[in-house]
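Q: Okay, here's the structure, questions in a sec.
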Amino acid sequence: MSRVFVSGLGAVSPAGWGVAALREALDRGEPLPTQPFARPGWKRPLKARLVPAPQQRPAFLLNPRLRRTSPITHYAAAAALEAVAGLLQNNGVAGPLGLVVCLQSGCVQFSHRFFDEVTIDAATASPLLFPETVFAAPTSHVAALLPTTPLAYTLMGDAAGFLQGMALGAQWLEDGRVAACLIVAAEETDWLLADALWHLEHAAVISAGAGALCLSMAPHVSLGVELSLVTDAFTYTASRNRTQAAQAMRQQLPTGSAIELLCTGQGDSPRADAPETAAWRNWSGPRLSPKRVLGEGLMAAPAWQCVAACDAVARRQYGAAIVSVVGPNQMAIAARFERNDQAQG
Amino acid sequence: MLFPAACLPSTPPRVVVTGAGIVTALGLGWQPNAEGFRAGRTAFRPVSVFDVSRQRVKVAAEVDLPGRLPSTRLNARDVARLDRASRMLLLAAHEAQQQSGWEASENLPLVLGTTAGGMSDGEIYYRQAVQTPLRHRRQPTRALRYQAQVQGRTVLDALGFSGPICIISNACASGTNAIGHAWELIRTGRAERALTGGYDALSQLVFAGFDSLQTLSPTTCRPFDARRDGLALGEGAAIVALETLEGARRRGAAILGEVIGYGTTLDGHHLTQPHPDGEAALTAMKLACATAGVTPGDIDYVNAHGTGTPLNDRAEALAIQRWAGGRTASLAVSSTKAGIGHLLGAAGAVEMVVCLMALREQWLPPETAFDTPDPACSFPVVRAPRDAHLNVALSNSFGFGGVNATLILRRWA
């Protein structure tokens, strides 16, 4: 059986740039403050948790490829480079690097700006904006910053898609197609997206950012964390609703224990969270729900869950961790990470 | 479990196509499309689905959608809510399912390629949000149906299937990558069969985008022609039913063709331009040939990405020539985008089905608008309808962002 290890983590979130900022915010456990988010035409603003400006301008922004890019690419690049840094420093893996970038909303800022121009006068809409509206744009930019990246997919889906992307990366490793694989999720926001989320889930607070995991089959460059499984993807269908899908996902996972962390995708909406809450009702071990601190990061949210779970296992807080994602409109899926002391680099 | 794999086969199973559905501006379904591609018909006309009065170019290959969709498990309310992209996707998937003879069942992976998903719903959402911000009617439905995975779920529900949905959005290579990924799922034993393909509808944002880049042809789309001056946009969908040869034989299914090779790679040169030497395209073709166990000498027809833009066609021509070597001078090449335009996320899937048609019915799809050979393209572009003996065909797709993908198909006789 193939064994896949986590060799690096990266994060950009409303807590700040880097895994350390994410960890500190989750350790405090207090929901981050929200900012008013002006919604044209409405008297009351929406609420959001936005990514703070970085303390220092990231060096990668000097790359000419990133000159006209929007925040989603900046977040994705920062998380990806943080996750792969250890691997590159140690020359840990010789061979091609795969890249899977997962998005739900994608490049909303430039799409919004470009379509705004189109509706005003299509004849003068900016050709500088349009290429950055393409879902695959952040993937292309991130790949350009990395060495030897011959295989790159952009996946779209609901939040559970990040774990599907992680399974794809693990499959590429199993099949020997890459020596390591970066799995990245990123989202940016603007008032239009916040408006859409408000229409779907009033209680949710939109946020943005990115998360990244670097996977490899080389134990010597691992953080001491092994990806032990990714469940099947339980799609919601006419004959299987979210609650049933969450239960089916739960059945592929072990019973809780005091040393195993459950990292869920529950947020601030009891109604939307109900299927996941029901699925894990009998979990006896410790729990963590990053969304309650960071907000609704769409595809970035499950990446934060994975980063937080792997970080906790790497730091020996727990022997294992389950990441559960019951997506809003596609599927329920979970992954499990284990401590592996033999694998630590 | 998605990971780890239960058991990877020591010998990859052969993967065959047992159903194919296609929707383009040439028509709905295999027959009108086969006739159109065989004759080299073109299907461009003034755009009617949105306002193009302020655009530089005003034509595209629009699909004539039927007033009624085929009967499925969707209720009338669900059908009424479907946008153009979903309707095309559903038509193609329904045809593929009917042809394959697959019964409603569980655990059927659906792998789709798209660049825009439900963009038209997103555009309506935007207009209402800006113009009447206090009017919320139907906005939740649009916010939901804009998302491609919801369109995928609709297809599964309509046909009575369930299973994992994977949406690949590698720009204009999406459809080819989706079919390639589904092929890999079956070859590695992770699935016995899969429904896969690509779809994209014309949308104002995308049309205006290509127009703003001045990549749309103001005259006629003529891939590989010395006077080519840009691409034309189109819309459509193509879905294929893939399964193991063993499974198809077990149930006595009619086999339309075999997928024997897939290669994909990344060109990091530029977001919107291919590397001028076509290196990544060359690698994709080589990888596909390696997995198929064929050489350029075995390929009878290349359905090129061939957008009709000066840069793309030059880089692709160079890549084909470097890959084909001595075979170049006799290698039949054409781009069916000359007839139906560039279908973006649907392009690779539609062109794969065109290859299936050509292999099955033994003809070459011509570019009838091709006029002036470009000295930089030393292969013979198929210019007139003709029958041909074809065993193996190769289809290229290259996308914004640099993903290059190639599929190779073999005739089933």
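Naming works like this for the structure tokens: A, B, ... for the chains as they're shown, residue 1 at the start of each chain, ligands 1 onward in shown order.
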Return as a VMD selection string the full set of residues in segment 12-83 of chain A whose backbone-based DSSP assignment is helix (DSSP H, G or I).

A: chain A and resid 19 to 28 59 to 62 64 to 66 71 to 83

Q: Using C-alpha atoms, can you write the selected residues to a file as a PDB file, in the first residue's frame?

A:
ATOM      1  CA  VAL A  19       0.472  29.049   9.546  1.00  0.00           C
ATOM      2  CA  ALA A  20       1.670  30.618  12.800  1.00  0.00           C
ATOM      3  CA  ALA A  21      -0.970  33.354  12.613  1.00  0.00           C
ATOM      4  CA  LEU A  22      -3.662  30.766  11.905  1.00  0.00           C
ATOM      5  CA  ARG A  23      -2.496  28.634  14.824  1.00  0.00           C
ATOM      6  CA  GLU A  24      -2.490  31.574  17.251  1.00  0.00           C
ATOM      7  CA  ALA A  25      -6.014  32.596  16.279  1.00  0.00           C
ATOM      8  CA  LEU A  26      -7.339  29.056  16.609  1.00  0.00           C
ATOM      9  CA  ASP A  27      -5.535  28.566  19.929  1.00  0.00           C
ATOM     10  CA  ARG A  28      -7.251  31.695  21.253  1.00  0.00           C
ATOM     11  CA  ALA A  59       8.975  38.877  -2.303  1.00  0.00           C
ATOM     12  CA  PHE A  60       7.108  36.749  -4.834  1.00  0.00           C
ATOM     13  CA  LEU A  61       5.092  39.776  -5.892  1.00  0.00           C
ATOM     14  CA  LEU A  62       8.207  41.030  -7.656  1.00  0.00           C
ATOM     15  CA  PRO A  64       6.482  39.921 -13.409  1.00  0.00           C
ATOM     16  CA  ARG A  65       3.840  37.216 -13.833  1.00  0.00           C
ATOM     17  CA  LEU A  66       2.106  38.522 -10.722  1.00  0.00           C
ATOM     18  CA  PRO A  71      -5.645  38.892  -4.175  1.00  0.00           C
ATOM     19  CA  ILE A  72      -6.699  35.305  -4.813  1.00  0.00           C
ATOM     20  CA  THR A  73      -3.422  34.678  -6.613  1.00  0.00           C
ATOM     21  CA  HIS A  74      -1.449  36.420  -3.868  1.00  0.00           C
ATOM     22  CA  TYR A  75      -3.098  34.266  -1.209  1.00  0.00           C
ATOM     23  CA  ALA A  76      -2.655  31.069  -3.220  1.00  0.00           C
ATOM     24  CA  ALA A  77       0.985  31.846  -3.962  1.00  0.00           C
ATOM     25  CA  ALA A  78       1.811  32.718  -0.355  1.00  0.00           C
ATOM     26  CA  ALA A  79       0.223  29.550   1.007  1.00  0.00           C
ATOM     27  CA  ALA A  80       1.794  27.388  -1.707  1.00  0.00           C
ATOM     28  CA  LEU A  81       5.294  28.785  -1.215  1.00  0.00           C
ATOM     29  CA  GLU A  82       5.045  28.398   2.558  1.00  0.00           C
ATOM     30  CA  ALA A  83       3.912  24.790   2.164  1.00  0.00           C
TER      31      ALA A  83
END

Q: For a quick test of understanding: name the residues of chain A lying within 6 Å of chain B when counting only C-alpha atoms, and present them as a list in words.

A: Gly41, Phe115, Ala122, Ala123, Pro127, Phe130, Ala136, Ala137, Ser140, Ala144, Pro150, Leu151, Thr154, Leu155, Met156, Gly157, Ala167, Ala196, His199, Leu200, Leu229, Val230, Thr231, Asp232, Ala233, Thr235 and Ala238 of chain A

Q: Export C-alpha atoms of the chosen residues as a short mmCIF file (atom, residue, chain, number, x, y, z; two decimals), in the first residue's frame?

A:
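And here's selection.cif as it stands now:
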data_model
loop_
_atom_site.label_atom_id
_atom_site.label_comp_id
_atom_site.auth_asym_id
_atom_site.auth_seq_id
_atom_site.Cartn_x
_atom_site.Cartn_y
_atom_site.Cartn_z
CA GLY A 41 -27.75 50.00 -2.49
CA PHE A 115 -18.24 42.60 -16.14
CA ALA A 122 -18.33 46.54 -23.78
CA ALA A 123 -16.21 48.32 -26.37
CA PRO A 127 -8.13 43.38 -21.82
CA PHE A 130 -10.15 39.48 -18.55
CA ALA A 136 -7.21 28.57 -14.05
CA ALA A 137 -5.33 31.87 -13.67
CA SER A 140 -0.96 29.15 -13.76
CA ALA A 144 5.16 29.72 -12.63
CA PRO A 150 4.40 19.58 -15.29
CA LEU A 151 1.03 18.51 -13.96
CA THR A 154 -7.81 23.47 -11.31
CA LEU A 155 -10.79 21.88 -9.61
CA MET A 156 -14.10 23.59 -8.96
CA GLY A 157 -16.66 22.48 -6.46
CA ALA A 167 -7.17 12.66 -2.87
CA ALA A 196 -24.51 35.92 -2.76
CA HIS A 199 -28.74 35.13 -0.02
CA LEU A 200 -27.77 31.53 0.64
CA LEU A 229 -7.27 7.99 4.31
CA VAL A 230 -9.72 10.09 2.34
CA THR A 231 -13.26 8.74 2.43
CA ASP A 232 -15.43 8.32 -0.60
CA ALA A 233 -17.11 11.47 -1.90
CA THR A 235 -22.59 13.40 -3.47
CA ALA A 238 -32.31 13.09 -5.29
#

Q: What's around segment 241-245 of chain B at 10 Å? Count only C-alpha atoms, leave out sequence neighbours fewer than 2 positions away in its own chain, and write the answer as a PyMOL selection string.

A: chain B and resi 12-21+93+95-102+110+179+182-183+186-187+189+191-197+239+247-250+253+255-259

Q: Generate a file of the selected residues that holds N, CA and C atoms, formatted as a compact mmCIF listing (two decimals), in the first residue's frame.

A:
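In the end it all went to out.txt:
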# COMPACT_ATOMS: atom_id res chain seq x y z
N PRO B 12 -3.15 -2.24 -16.85
CA PRO B 12 -4.31 -1.35 -16.98
C PRO B 12 -5.34 -1.93 -17.93
N PRO B 13 -6.61 -1.88 -17.56
CA PRO B 13 -7.64 -2.38 -18.48
C PRO B 13 -7.78 -1.47 -19.69
N ARG B 14 -8.24 -2.02 -20.79
CA ARG B 14 -8.54 -1.20 -21.97
C ARG B 14 -9.85 -0.45 -21.70
N VAL B 15 -9.92 0.78 -22.21
CA VAL B 15 -11.07 1.64 -21.92
C VAL B 15 -11.76 1.99 -23.24
N VAL B 16 -13.04 1.69 -23.31
CA VAL B 16 -13.77 1.93 -24.56
C VAL B 16 -14.91 2.92 -24.34
N VAL B 17 -15.36 3.46 -25.45
CA VAL B 17 -16.47 4.41 -25.44
C VAL B 17 -17.72 3.66 -25.88
N THR B 18 -18.74 3.69 -25.03
CA THR B 18 -19.97 2.98 -25.40
C THR B 18 -21.16 3.93 -25.55
N GLY B 19 -20.91 5.21 -25.36
CA GLY B 19 -21.98 6.19 -25.58
C GLY B 19 -21.36 7.54 -25.84
N ALA B 20 -21.99 8.31 -26.70
CA ALA B 20 -21.49 9.66 -26.98
C ALA B 20 -22.66 10.58 -27.27
N GLY B 21 -22.63 11.74 -26.66
CA GLY B 21 -23.65 12.74 -26.91
C GLY B 21 -22.98 14.05 -27.28
N ALA B 93 -25.53 14.55 -22.24
CA ALA B 93 -25.45 13.43 -21.29
C ALA B 93 -26.56 12.42 -21.54
N GLU B 95 -28.06 11.78 -24.40
CA GLU B 95 -27.74 11.01 -25.61
C GLU B 95 -26.68 9.94 -25.32
N ALA B 96 -25.67 10.33 -24.55
CA ALA B 96 -24.60 9.37 -24.23
C ALA B 96 -25.15 8.22 -23.40
N GLN B 97 -25.99 8.56 -22.47
CA GLN B 97 -26.56 7.51 -21.60
C GLN B 97 -27.46 6.57 -22.41
N GLN B 98 -28.28 7.14 -23.28
CA GLN B 98 -29.17 6.31 -24.10
C GLN B 98 -28.36 5.38 -24.99
N GLN B 99 -27.31 5.93 -25.58
CA GLN B 99 -26.51 5.13 -26.50
C GLN B 99 -25.75 4.02 -25.75
N SER B 100 -25.31 4.35 -24.54
CA SER B 100 -24.54 3.36 -23.78
C SER B 100 -25.43 2.24 -23.26
N GLY B 101 -26.70 2.56 -23.04
CA GLY B 101 -27.59 1.56 -22.46
C GLY B 101 -27.42 1.43 -20.96
N TRP B 102 -26.72 2.36 -20.35
CA TRP B 102 -26.53 2.28 -18.90
C TRP B 102 -27.85 2.54 -18.19
N LEU B 110 -18.79 11.19 -12.33
CA LEU B 110 -19.08 12.18 -13.37
C LEU B 110 -17.91 13.16 -13.38
N ILE B 179 -11.92 14.11 -19.75
CA ILE B 179 -11.97 12.76 -20.34
C ILE B 179 -10.70 11.99 -19.99
N ALA B 182 -10.99 10.86 -16.39
CA ALA B 182 -11.92 9.73 -16.26
C ALA B 182 -11.27 8.45 -16.79
N TRP B 183 -10.55 8.59 -17.89
CA TRP B 183 -9.83 7.44 -18.47
C TRP B 183 -8.82 6.89 -17.47
N ILE B 186 -10.37 4.84 -14.65
CA ILE B 186 -10.71 3.48 -15.06
C ILE B 186 -9.44 2.64 -15.25
N ARG B 187 -8.45 3.23 -15.87
CA ARG B 187 -7.19 2.50 -16.11
C ARG B 187 -6.50 2.08 -14.82
N GLY B 189 -8.03 1.34 -12.08
CA GLY B 189 -8.90 0.49 -11.29
C GLY B 189 -9.71 1.23 -10.24
N ALA B 191 -12.24 3.12 -10.90
CA ALA B 191 -13.63 3.10 -11.34
C ALA B 191 -13.74 2.10 -12.49
N GLU B 192 -14.92 1.53 -12.66
CA GLU B 192 -15.12 0.62 -13.79
C GLU B 192 -15.67 1.36 -14.99
N ARG B 193 -16.30 2.49 -14.73
CA ARG B 193 -16.87 3.28 -15.81
C ARG B 193 -17.02 4.72 -15.34
N ALA B 194 -17.25 5.61 -16.26
CA ALA B 194 -17.41 7.02 -15.91
C ALA B 194 -18.15 7.73 -17.02
N LEU B 195 -18.92 8.72 -16.62
CA LEU B 195 -19.56 9.62 -17.58
C LEU B 195 -18.73 10.89 -17.58
N THR B 196 -18.32 11.35 -18.76
CA THR B 196 -17.34 12.45 -18.76
C THR B 196 -17.45 13.29 -20.03
N GLY B 197 -16.98 14.50 -19.94
CA GLY B 197 -16.99 15.37 -21.11
C GLY B 197 -16.86 16.82 -20.70
N ILE B 239 -20.52 14.62 -24.18
CA ILE B 239 -20.38 13.70 -23.05
C ILE B 239 -20.16 12.30 -23.62
N GLY B 247 -16.02 -4.86 -19.16
CA GLY B 247 -17.38 -4.54 -18.75
C GLY B 247 -18.31 -4.37 -19.94
N ALA B 248 -17.81 -3.70 -20.97
CA ALA B 248 -18.64 -3.49 -22.16
C ALA B 248 -18.98 -4.81 -22.83
N ARG B 249 -17.99 -5.70 -22.90
CA ARG B 249 -18.23 -7.00 -23.54
C ARG B 249 -19.19 -7.84 -22.70
N ARG B 250 -19.02 -7.75 -21.39
CA ARG B 250 -19.86 -8.54 -20.49
C ARG B 250 -21.34 -8.24 -20.70
N ALA B 253 -22.38 -4.51 -24.96
CA ALA B 253 -22.59 -3.13 -25.41
C ALA B 253 -21.95 -2.90 -26.77
N ILE B 255 -19.65 -0.86 -29.08
CA ILE B 255 -18.46 -0.06 -28.78
C ILE B 255 -18.22 0.91 -29.92
N LEU B 256 -18.07 2.18 -29.55
CA LEU B 256 -17.90 3.23 -30.56
C LEU B 256 -16.43 3.48 -30.88
N GLY B 257 -15.56 3.20 -29.94
CA GLY B 257 -14.14 3.45 -30.14
C GLY B 257 -13.40 3.20 -28.85
N GLU B 258 -12.09 3.34 -28.91
CA GLU B 258 -11.28 3.07 -27.73
C GLU B 258 -10.39 4.28 -27.45
N VAL B 259 -10.32 4.66 -26.19
CA VAL B 259 -9.38 5.71 -25.79
C VAL B 259 -8.09 5.01 -25.39

Q: So that I can see what lies close to segment 373-378 of chain B, please list as number ranges by chain the residues with an atom at most 10 Å from it, counting only C-alpha atoms and leaving out residues fewer than 6 positions away in the same chain.

A: B: 223-228, 313-318, 320-321, 328-331

Q: Quick one: write out the picked residues with N, CA and C atoms as a CSV table (one decimal), in the first residue's frame?

A:
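Contents of the output file part35.csv:
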chain,number,residue,atom,x,y,z
B,223,PRO,N,-8.2,28.4,-39.1
B,223,PRO,CA,-7.0,27.9,-38.4
B,223,PRO,C,-5.9,27.4,-39.4
B,224,PHE,N,-4.7,27.7,-39.1
B,224,PHE,CA,-3.5,27.4,-39.9
B,224,PHE,C,-3.4,28.0,-41.3
B,225,ASP,N,-4.4,28.9,-41.6
B,225,ASP,CA,-4.3,29.6,-42.9
B,225,ASP,C,-3.3,30.8,-42.7
B,226,ALA,N,-2.6,31.1,-43.7
B,226,ALA,CA,-1.6,32.2,-43.7
B,226,ALA,C,-2.3,33.5,-43.3
B,227,ARG,N,-3.5,33.7,-43.7
B,227,ARG,CA,-4.2,34.9,-43.4
B,227,ARG,C,-5.1,34.9,-42.2
B,228,ARG,N,-4.9,33.9,-41.4
B,228,ARG,CA,-5.8,33.7,-40.2
B,228,ARG,C,-5.6,35.0,-39.3
B,313,ASP,N,-1.6,29.0,-33.4
B,313,ASP,CA,-1.5,28.0,-34.5
B,313,ASP,C,0.0,27.9,-34.9
B,314,ARG,N,0.8,29.0,-34.8
B,314,ARG,CA,2.2,28.8,-35.1
B,314,ARG,C,2.9,27.9,-34.1
B,315,ALA,N,2.6,28.1,-32.8
B,315,ALA,CA,3.2,27.2,-31.8
B,315,ALA,C,2.8,25.8,-31.9
B,316,GLU,N,1.5,25.6,-32.2
B,316,GLU,CA,1.0,24.2,-32.3
B,316,GLU,C,1.6,23.6,-33.6
B,317,ALA,N,1.6,24.3,-34.7
B,317,ALA,CA,2.2,23.8,-35.9
B,317,ALA,C,3.6,23.3,-35.7
B,318,LEU,N,4.4,24.2,-35.0
B,318,LEU,CA,5.8,23.8,-34.7
B,318,LEU,C,5.8,22.5,-33.8
B,320,ILE,N,3.6,20.1,-33.7
B,320,ILE,CA,3.2,19.0,-34.5
B,320,ILE,C,4.3,18.6,-35.4
B,321,GLN,N,5.0,19.5,-36.0
B,321,GLN,CA,6.1,19.2,-36.9
B,321,GLN,C,7.2,18.6,-36.2
B,328,THR,N,5.3,14.4,-41.0
B,328,THR,CA,4.5,15.7,-41.1
B,328,THR,C,3.9,15.9,-42.5
B,329,ALA,N,4.7,15.6,-43.5
B,329,ALA,CA,4.2,16.0,-44.8
B,329,ALA,C,3.0,15.2,-45.3
B,330,SER,N,2.7,14.1,-44.6
B,330,SER,CA,1.6,13.3,-45.1
B,330,SER,C,0.5,13.1,-44.0
B,331,LEU,N,0.7,13.9,-42.9
B,331,LEU,CA,-0.2,13.8,-41.8
B,331,LEU,C,-1.4,14.7,-41.9

Q: Go through segment 131-317 of chain B and collect every residue that DSSP, computed from the backbone, puts in strand (DSSP E or B); the answer should be as a ChimeraX atom specification.

A: /B:165-168,193-200,216,225,231,233-234,236-244,257-266,301-303

Q: Go ahead and write the residues just picked, C-alpha atoms, as an mmCIF file, in the first residue's frame.

A:
data_model
loop_
_atom_site.group_PDB
_atom_site.id
_atom_site.type_symbol
_atom_site.label_atom_id
_atom_site.label_comp_id
_atom_site.auth_asym_id
_atom_site.auth_seq_id
_atom_site.Cartn_x
_atom_site.Cartn_y
_atom_site.Cartn_z
ATOM 1 C CA ILE B 165 -18.579 14.653 -9.304
ATOM 2 C CA CYS B 166 -15.261 16.131 -10.341
ATOM 3 C CA ILE B 167 -15.198 19.482 -12.150
ATOM 4 C CA ILE B 168 -11.964 20.349 -13.925
ATOM 5 C CA ARG B 193 -16.873 3.277 -15.812
ATOM 6 C CA ALA B 194 -17.410 7.019 -15.908
ATOM 7 C CA LEU B 195 -19.560 9.623 -17.582
ATOM 8 C CA THR B 196 -17.343 12.449 -18.760
ATOM 9 C CA GLY B 197 -16.992 15.372 -21.109
ATOM 10 C CA GLY B 198 -17.228 19.118 -21.257
ATOM 11 C CA TYR B 199 -19.690 21.939 -21.705
ATOM 12 C CA ASP B 200 -19.803 25.702 -21.991
ATOM 13 C CA LEU B 216 -11.783 37.181 -32.174
ATOM 14 C CA ASP B 225 -4.301 29.612 -42.876
ATOM 15 C CA LEU B 231 -10.727 32.686 -33.353
ATOM 16 C CA LEU B 233 -16.452 31.501 -30.248
ATOM 17 C CA GLY B 234 -19.065 28.795 -30.059
ATOM 18 C CA GLY B 236 -21.925 23.254 -26.887
ATOM 19 C CA ALA B 237 -21.365 20.096 -24.953
ATOM 20 C CA ALA B 238 -20.126 16.587 -25.459
ATOM 21 C CA ILE B 239 -20.378 13.696 -23.047
ATOM 22 C CA VAL B 240 -19.039 10.179 -23.435
ATOM 23 C CA ALA B 241 -19.657 6.967 -21.555
ATOM 24 C CA LEU B 242 -16.343 5.265 -20.803
ATOM 25 C CA GLU B 243 -15.990 1.769 -19.407
ATOM 26 C CA THR B 244 -13.607 -1.132 -19.349
ATOM 27 C CA GLY B 257 -14.138 3.449 -30.143
ATOM 28 C CA GLU B 258 -11.279 3.067 -27.727
ATOM 29 C CA VAL B 259 -9.376 5.712 -25.793
ATOM 30 C CA ILE B 260 -5.780 4.551 -25.815
ATOM 31 C CA GLY B 261 -3.693 7.528 -24.746
ATOM 32 C CA TYR B 262 -3.712 10.711 -22.709
ATOM 33 C CA GLY B 263 -1.020 13.212 -21.918
ATOM 34 C CA THR B 264 -1.141 16.524 -20.132
ATOM 35 C CA THR B 265 1.455 19.049 -19.164
ATOM 36 C CA LEU B 266 1.883 22.678 -18.242
ATOM 37 C CA TYR B 301 -5.494 12.207 -38.241
ATOM 38 C CA VAL B 302 -4.795 15.086 -35.870
ATOM 39 C CA ASN B 303 -7.701 17.189 -34.670
#

Q: Residues near Thr133 of chain A, anyone? I mean within 9 Å using only C-alpha atoms, not counting same-chain ones fewer than 5 positions away, as a list in words.

A: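 Counting only the stated atoms, we get Gly106, Cys107, Val108, Gln109, Phe110, Ser111, His112 and Phe114 of chain A.
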
Q: Taking 5 positions as the minimum chain separation for residues in the same chain, which residues sit within 8 Å of Thr264 of chain A when counting only C-alpha atoms? Answer as a list in words.

A: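 What passes the distance filter is Glu276, Arg287, Leu288, Ser289, Pro290, Gln305, Val323, Ser324 and Val325 of chain A.
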